[in-house]
>>> print(open('input_30.cif').read())   # mmCIF, C-alpha atoms
data_upload
#
loop_
_atom_site.label_atom_id
_atom_site.label_comp_id
_atom_site.auth_asym_id
_atom_site.auth_seq_id
_atom_site.Cartn_x
_atom_site.Cartn_y
_atom_site.Cartn_z
CA MET A 1 91.54 105.05 77.97
CA GLU A 2 94.45 103.01 76.65
CA LEU A 3 95.76 99.67 77.86
CA ARG A 4 99.14 101.34 78.31
CA HIS A 5 97.60 103.62 80.96
CA LEU A 6 96.20 100.61 82.78
CA ARG A 7 99.58 98.85 82.62
CA TYR A 8 101.22 101.96 84.06
CA PHE A 9 98.67 102.16 86.85
CA ILE A 10 99.13 98.47 87.66
CA ALA A 11 102.90 98.92 87.93
CA VAL A 12 102.58 101.94 90.25
CA ALA A 13 99.94 100.17 92.35
CA GLU A 14 102.10 97.07 92.70
CA GLU A 15 105.33 98.95 93.43
CA LEU A 16 103.67 101.70 95.49
CA ASN A 17 106.50 103.84 94.21
CA PHE A 18 106.67 105.91 91.02
CA SER A 19 110.45 105.58 90.62
CA ARG A 20 110.43 101.78 90.84
CA ALA A 21 107.38 101.55 88.59
CA ALA A 22 109.06 103.81 86.01
CA ALA A 23 112.19 101.64 86.08
CA ARG A 24 110.10 98.48 85.72
CA LEU A 25 108.27 99.96 82.73
CA HIS A 26 111.42 101.42 81.17
CA VAL A 27 109.96 104.95 81.13
CA SER A 28 110.96 108.08 82.97
CA GLN A 29 109.06 109.13 86.07
CA PRO A 30 107.53 112.46 84.94
CA PRO A 31 105.64 110.99 81.95
CA LEU A 32 104.49 108.09 84.13
CA SER A 33 103.12 110.54 86.71
CA ARG A 34 101.34 112.48 83.95
CA GLN A 35 99.79 109.29 82.56
CA ILE A 36 98.47 108.32 85.99
CA ARG A 37 97.05 111.81 86.58
CA GLY A 38 95.45 111.61 83.13
CA LEU A 39 93.89 108.24 83.96
CA GLU A 40 92.53 109.67 87.21
CA ALA A 41 91.11 112.65 85.32
CA GLU A 42 89.52 110.40 82.71
CA LEU A 43 87.96 108.16 85.36
CA LYS A 44 87.11 111.19 87.52
CA VAL A 45 88.41 109.44 90.65
CA LYS A 46 91.55 109.62 92.73
CA LEU A 47 93.35 106.28 92.46
CA LEU A 48 96.42 107.01 94.55
CA ASP A 49 97.17 108.99 97.68
CA ARG A 50 100.59 110.57 97.19
CA ASN A 51 102.57 112.08 100.04
CA THR A 52 106.17 112.46 101.13
CA GLN A 53 106.09 109.02 102.74
CA GLY A 54 105.06 107.24 99.51
CA VAL A 55 102.07 106.12 97.52
CA ARG A 56 98.95 104.38 98.77
CA LEU A 57 95.94 103.06 96.84
CA THR A 58 92.60 104.69 97.55
CA ARG A 59 89.47 102.59 97.90
CA ALA A 60 88.64 103.35 94.25
CA GLY A 61 92.27 102.54 93.38
CA HIS A 62 91.92 99.03 94.80
CA ALA A 63 88.78 98.40 92.76
CA VAL A 64 90.29 99.86 89.59
CA LEU A 65 93.46 97.80 90.10
CA ALA A 66 91.50 94.54 90.17
CA ARG A 67 89.52 95.49 87.07
CA SER A 68 92.64 96.79 85.29
CA ARG A 69 94.43 93.49 85.82
CA LYS A 70 91.48 91.64 84.36
CA LEU A 71 91.23 93.98 81.36
CA VAL A 72 94.95 93.71 80.58
CA CYS A 73 94.78 89.92 80.95
CA ASP A 74 91.72 89.79 78.66
CA ALA A 75 93.52 91.96 76.10
CA GLU A 76 96.52 89.62 76.11
CA SER A 77 94.20 86.62 75.72
CA LEU A 78 92.44 88.35 72.83
CA ARG A 79 95.77 89.03 71.12
CA ALA A 80 96.88 85.41 71.49
CA GLU A 81 93.51 84.08 70.31
CA ALA A 82 93.48 86.37 67.28
CA GLN A 83 96.99 85.25 66.32
CA THR A 84 96.01 81.60 66.72
CA ILE A 85 92.90 82.05 64.59
CA ASP A 86 94.91 83.91 61.96
CA LYS A 87 97.46 81.10 61.85
CA GLU A 88 94.72 78.43 61.69
CA SER A 89 92.94 80.13 58.82
CA GLU A 90 96.15 79.75 56.79
CA GLU A 91 96.30 76.03 57.51
CA GLU A 92 94.52 73.49 55.42
CA LEU A 93 94.05 69.80 56.09
CA ARG A 94 94.22 67.69 52.92
CA ILE A 95 92.67 64.22 53.23
CA GLY A 96 92.62 61.46 50.66
CA TYR A 97 89.76 59.04 51.08
CA ALA A 98 87.71 56.41 49.31
CA PRO A 99 84.02 57.22 49.81
CA SER A 100 82.51 53.83 50.52
CA PRO A 101 84.72 52.49 53.34
CA THR A 102 85.45 55.82 55.03
CA ALA A 103 82.26 57.88 54.76
CA VAL A 104 81.28 57.28 58.41
CA ILE A 105 84.81 57.74 59.73
CA ILE A 106 85.52 60.94 57.80
CA SER A 107 82.57 62.83 59.27
CA GLY A 108 83.85 62.20 62.80
CA VAL A 109 87.39 63.20 61.85
CA LEU A 110 86.16 66.44 60.27
CA ALA A 111 83.94 67.32 63.23
CA ARG A 112 86.86 66.83 65.64
CA TYR A 113 89.24 68.79 63.40
CA HIS A 114 86.86 71.77 63.22
CA LYS A 115 86.60 71.80 67.02
CA LEU A 116 90.39 71.81 67.34
CA SER A 117 91.07 74.24 64.48
CA PRO A 118 88.06 76.49 63.84
CA GLY A 119 88.40 78.43 60.63
CA ALA A 120 91.02 76.12 59.09
CA GLY A 121 90.28 74.86 55.61
CA VAL A 122 89.76 71.23 54.66
CA THR A 123 90.10 69.76 51.19
CA LEU A 124 88.80 66.25 50.56
CA HIS A 125 90.19 64.23 47.67
CA ASP A 126 88.24 61.21 46.40
CA LEU A 127 91.18 58.92 45.52
CA THR A 128 92.14 55.33 44.82
CA HIS A 129 94.66 53.44 46.99
CA THR A 130 97.46 54.22 44.57
CA GLU A 131 96.55 57.92 44.34
CA MET A 132 96.46 58.19 48.15
CA LEU A 133 99.91 56.65 48.54
CA SER A 134 101.29 58.86 45.78
CA GLY A 135 99.68 61.93 47.34
CA LEU A 136 101.22 61.14 50.73
CA ARG A 137 104.66 60.55 49.20
CA ALA A 138 104.45 63.79 47.18
CA GLY A 139 103.26 65.80 50.18
CA LYS A 140 99.99 66.67 48.47
CA LEU A 141 98.01 65.05 51.27
CA HIS A 142 98.39 66.00 54.89
CA GLU A 143 101.44 64.27 56.40
CA SER A 144 99.82 63.58 59.76
CA MET A 145 97.42 61.23 58.04
CA ARG A 146 100.30 58.82 57.30
CA GLY A 147 99.94 55.87 59.62
CA SER A 148 96.59 57.04 60.98
CA SER A 149 93.81 54.55 61.56
CA LEU A 150 91.87 56.21 58.74
CA ILE A 151 94.50 55.39 56.11
CA ILE A 152 95.55 52.08 57.68
CA SER A 153 91.99 50.77 57.94
CA TYR A 154 91.45 51.72 54.33
CA LEU A 155 94.68 50.15 53.09
CA GLN A 156 94.23 46.83 54.90
#
>>> encode(input="input_30.cif", output="structure tokens")
Amino acid sequence: MELRHLRYFIAVAEELNFSRAAARLHVSQPPLSRQIRGLEAELKVKLLDRNTQGVRLTRAGHAVLARSRKLVCDAESLRAEAQTIDKESEEELRIGYAPSPTAVIISGVLARYHKLSPGAGVTLHDLTHTEMLSGLRAGKLHESMRGSSLIISYLQ
């Protein structure tokens, strides 16, 4: 069973008309009809009652429609989540810090960052004041740290 088949079924079930569903999906009607018949054969249930007056969902069709919507929605969520995770794994937070004054603060910052961006890399740089400012100016440290309480509290 393919998600495409479920999307086709959803369109027919919502339109209750093969022609309108085909137009909505940008496919021709005969292949759409074949796909729906194939889905019914695969599930071994009749999903739609077809007659000269139109199309009507069967009892099984109503149940399959609800589940199909959820499956398609879950698949879209999975796609978006996978893309987000892929993008996050390419990101890396670079933090300059001085160990003694920021040791307690940095652990909280890192814990929060990992909750917000699971899988993203973090590089810690043990630096002096001058090295931190140079790193920020050169873009070697993460820009969003500029002006943050972590840097400000350290610099003051």
>>> resolve_selection(input="input_30.cif", expression="the PyMOL selection byres ((chain A and resi 46) around 12)", output="ChimeraX atom specification")
/A:9,36-45,47-50,56-64
>>> closest_residue(input="input_30.cif", among="A:Phe18, A:Arg67, A:Leu116, A:Leu124", to="Pro30 of chain A", atoms="only C-alpha atoms")
A:Phe18
>>> atom_distance(input="input_30.cif", atom1="atom CA of Ser33 of chain A", atom2="atom CA of Asn17 of chain A")
10.6 Å
>>> closest_residue(input="input_30.cif", among="A:Leu127, A:Ile105, A:Cys73, A:Leu25", to="Val12 of chain A", atoms="only C-alpha atoms")
A:Leu25
>>> residues_around(input="input_30.cif", residues="Lys70 of chain A", least_positions_apart="5", cutoff="12 Å", atoms="only C-alpha atoms", output="tab-separated table (two decimals) with C-alpha atoms, in the coordinates of the input")
chain	number	residue	atom	x	y	z
A	3	LEU	CA	95.76	99.67	77.86
A	6	LEU	CA	96.20	100.61	82.78
A	7	ARG	CA	99.58	98.85	82.62
A	10	ILE	CA	99.13	98.47	87.66
A	63	ALA	CA	88.78	98.40	92.76
A	64	VAL	CA	90.29	99.86	89.59
A	65	LEU	CA	93.46	97.80	90.10
A	75	ALA	CA	93.52	91.96	76.10
A	76	GLU	CA	96.52	89.62	76.11
A	77	SER	CA	94.20	86.62	75.72
>>> build_atoms(input="input_30.cif", residues="segment 57-89 of chain A", atoms="N, CA and C atoms", output="tab-separated table (two decimals), in the coordinates of the input")
chain	number	residue	atom	x	y	z
A	57	LEU	N	97.17	103.18	97.64
A	57	LEU	CA	95.94	103.06	96.84
A	57	LEU	C	94.74	103.58	97.63
A	58	THR	N	93.87	104.29	96.95
A	58	THR	CA	92.60	104.69	97.55
A	58	THR	C	91.64	103.50	97.45
A	59	ARG	N	90.49	103.65	98.01
A	59	ARG	CA	89.47	102.59	97.90
A	59	ARG	C	89.13	102.36	96.43
A	60	ALA	N	88.92	103.46	95.69
A	60	ALA	CA	88.64	103.35	94.25
A	60	ALA	C	89.84	102.74	93.54
A	61	GLY	N	91.05	103.08	93.98
A	61	GLY	CA	92.27	102.54	93.38
A	61	GLY	C	92.34	101.02	93.49
A	62	HIS	N	91.94	100.49	94.63
A	62	HIS	CA	91.92	99.03	94.80
A	62	HIS	C	90.95	98.38	93.81
A	63	ALA	N	89.78	98.96	93.68
A	63	ALA	CA	88.78	98.40	92.76
A	63	ALA	C	89.25	98.51	91.32
A	64	VAL	N	89.82	99.66	90.96
A	64	VAL	CA	90.29	99.86	89.59
A	64	VAL	C	91.48	98.95	89.31
A	65	LEU	N	92.32	98.69	90.29
A	65	LEU	CA	93.46	97.80	90.10
A	65	LEU	C	92.98	96.40	89.73
A	66	ALA	N	92.01	95.88	90.46
A	66	ALA	CA	91.50	94.54	90.17
A	66	ALA	C	90.92	94.47	88.75
A	67	ARG	N	90.14	95.47	88.41
A	67	ARG	CA	89.52	95.49	87.07
A	67	ARG	C	90.56	95.71	85.99
A	68	SER	N	91.57	96.53	86.26
A	68	SER	CA	92.64	96.79	85.29
A	68	SER	C	93.41	95.52	84.99
A	69	ARG	N	93.72	94.77	86.03
A	69	ARG	CA	94.43	93.49	85.82
A	69	ARG	C	93.63	92.56	84.92
A	70	LYS	N	92.33	92.50	85.17
A	70	LYS	CA	91.48	91.64	84.36
A	70	LYS	C	91.42	92.14	82.91
A	71	LEU	N	91.29	93.43	82.72
A	71	LEU	CA	91.23	93.98	81.36
A	71	LEU	C	92.52	93.73	80.59
A	72	VAL	N	93.66	93.94	81.24
A	72	VAL	CA	94.95	93.71	80.58
A	72	VAL	C	95.11	92.22	80.26
A	73	CYS	N	94.72	91.37	81.18
A	73	CYS	CA	94.78	89.92	80.95
A	73	CYS	C	93.87	89.54	79.78
A	74	ASP	N	92.65	90.07	79.76
A	74	ASP	CA	91.72	89.79	78.66
A	74	ASP	C	92.27	90.28	77.33
A	75	ALA	N	92.93	91.43	77.33
A	75	ALA	CA	93.52	91.96	76.10
A	75	ALA	C	94.64	91.05	75.60
A	76	GLU	N	95.45	90.54	76.51
A	76	GLU	CA	96.52	89.62	76.11
A	76	GLU	C	95.94	88.33	75.57
A	77	SER	N	94.87	87.83	76.20
A	77	SER	CA	94.20	86.62	75.72
A	77	SER	C	93.62	86.84	74.33
A	78	LEU	N	93.01	88.01	74.14
A	78	LEU	CA	92.44	88.35	72.83
A	78	LEU	C	93.54	88.37	71.77
A	79	ARG	N	94.66	88.97	72.08
A	79	ARG	CA	95.77	89.03	71.12
A	79	ARG	C	96.23	87.62	70.75
A	80	ALA	N	96.42	86.77	71.75
A	80	ALA	CA	96.88	85.41	71.49
A	80	ALA	C	95.85	84.62	70.68
A	81	GLU	N	94.58	84.78	71.03
A	81	GLU	CA	93.51	84.08	70.31
A	81	GLU	C	93.43	84.54	68.87
A	82	ALA	N	93.53	85.84	68.64
A	82	ALA	CA	93.48	86.37	67.28
A	82	ALA	C	94.64	85.84	66.45
A	83	GLN	N	95.83	85.77	67.04
A	83	GLN	CA	96.99	85.25	66.32
A	83	GLN	C	96.83	83.77	66.01
A	84	THR	N	96.26	83.02	66.95
A	84	THR	CA	96.01	81.60	66.72
A	84	THR	C	95.00	81.40	65.60
A	85	ILE	N	93.92	82.16	65.63
A	85	ILE	CA	92.90	82.05	64.59
A	85	ILE	C	93.48	82.43	63.23
A	86	ASP	N	94.29	83.48	63.21
A	86	ASP	CA	94.91	83.91	61.96
A	86	ASP	C	95.80	82.81	61.40
A	87	LYS	N	96.57	82.17	62.29
A	87	LYS	CA	97.46	81.10	61.85
A	87	LYS	C	96.65	79.90	61.36
A	88	GLU	N	95.55	79.57	62.07
A	88	GLU	CA	94.72	78.43	61.69
A	88	GLU	C	94.04	78.65	60.35
A	89	SER	N	93.65	79.89	60.08
A	89	SER	CA	92.94	80.13	58.82
A	89	SER	C	93.86	79.95	57.63
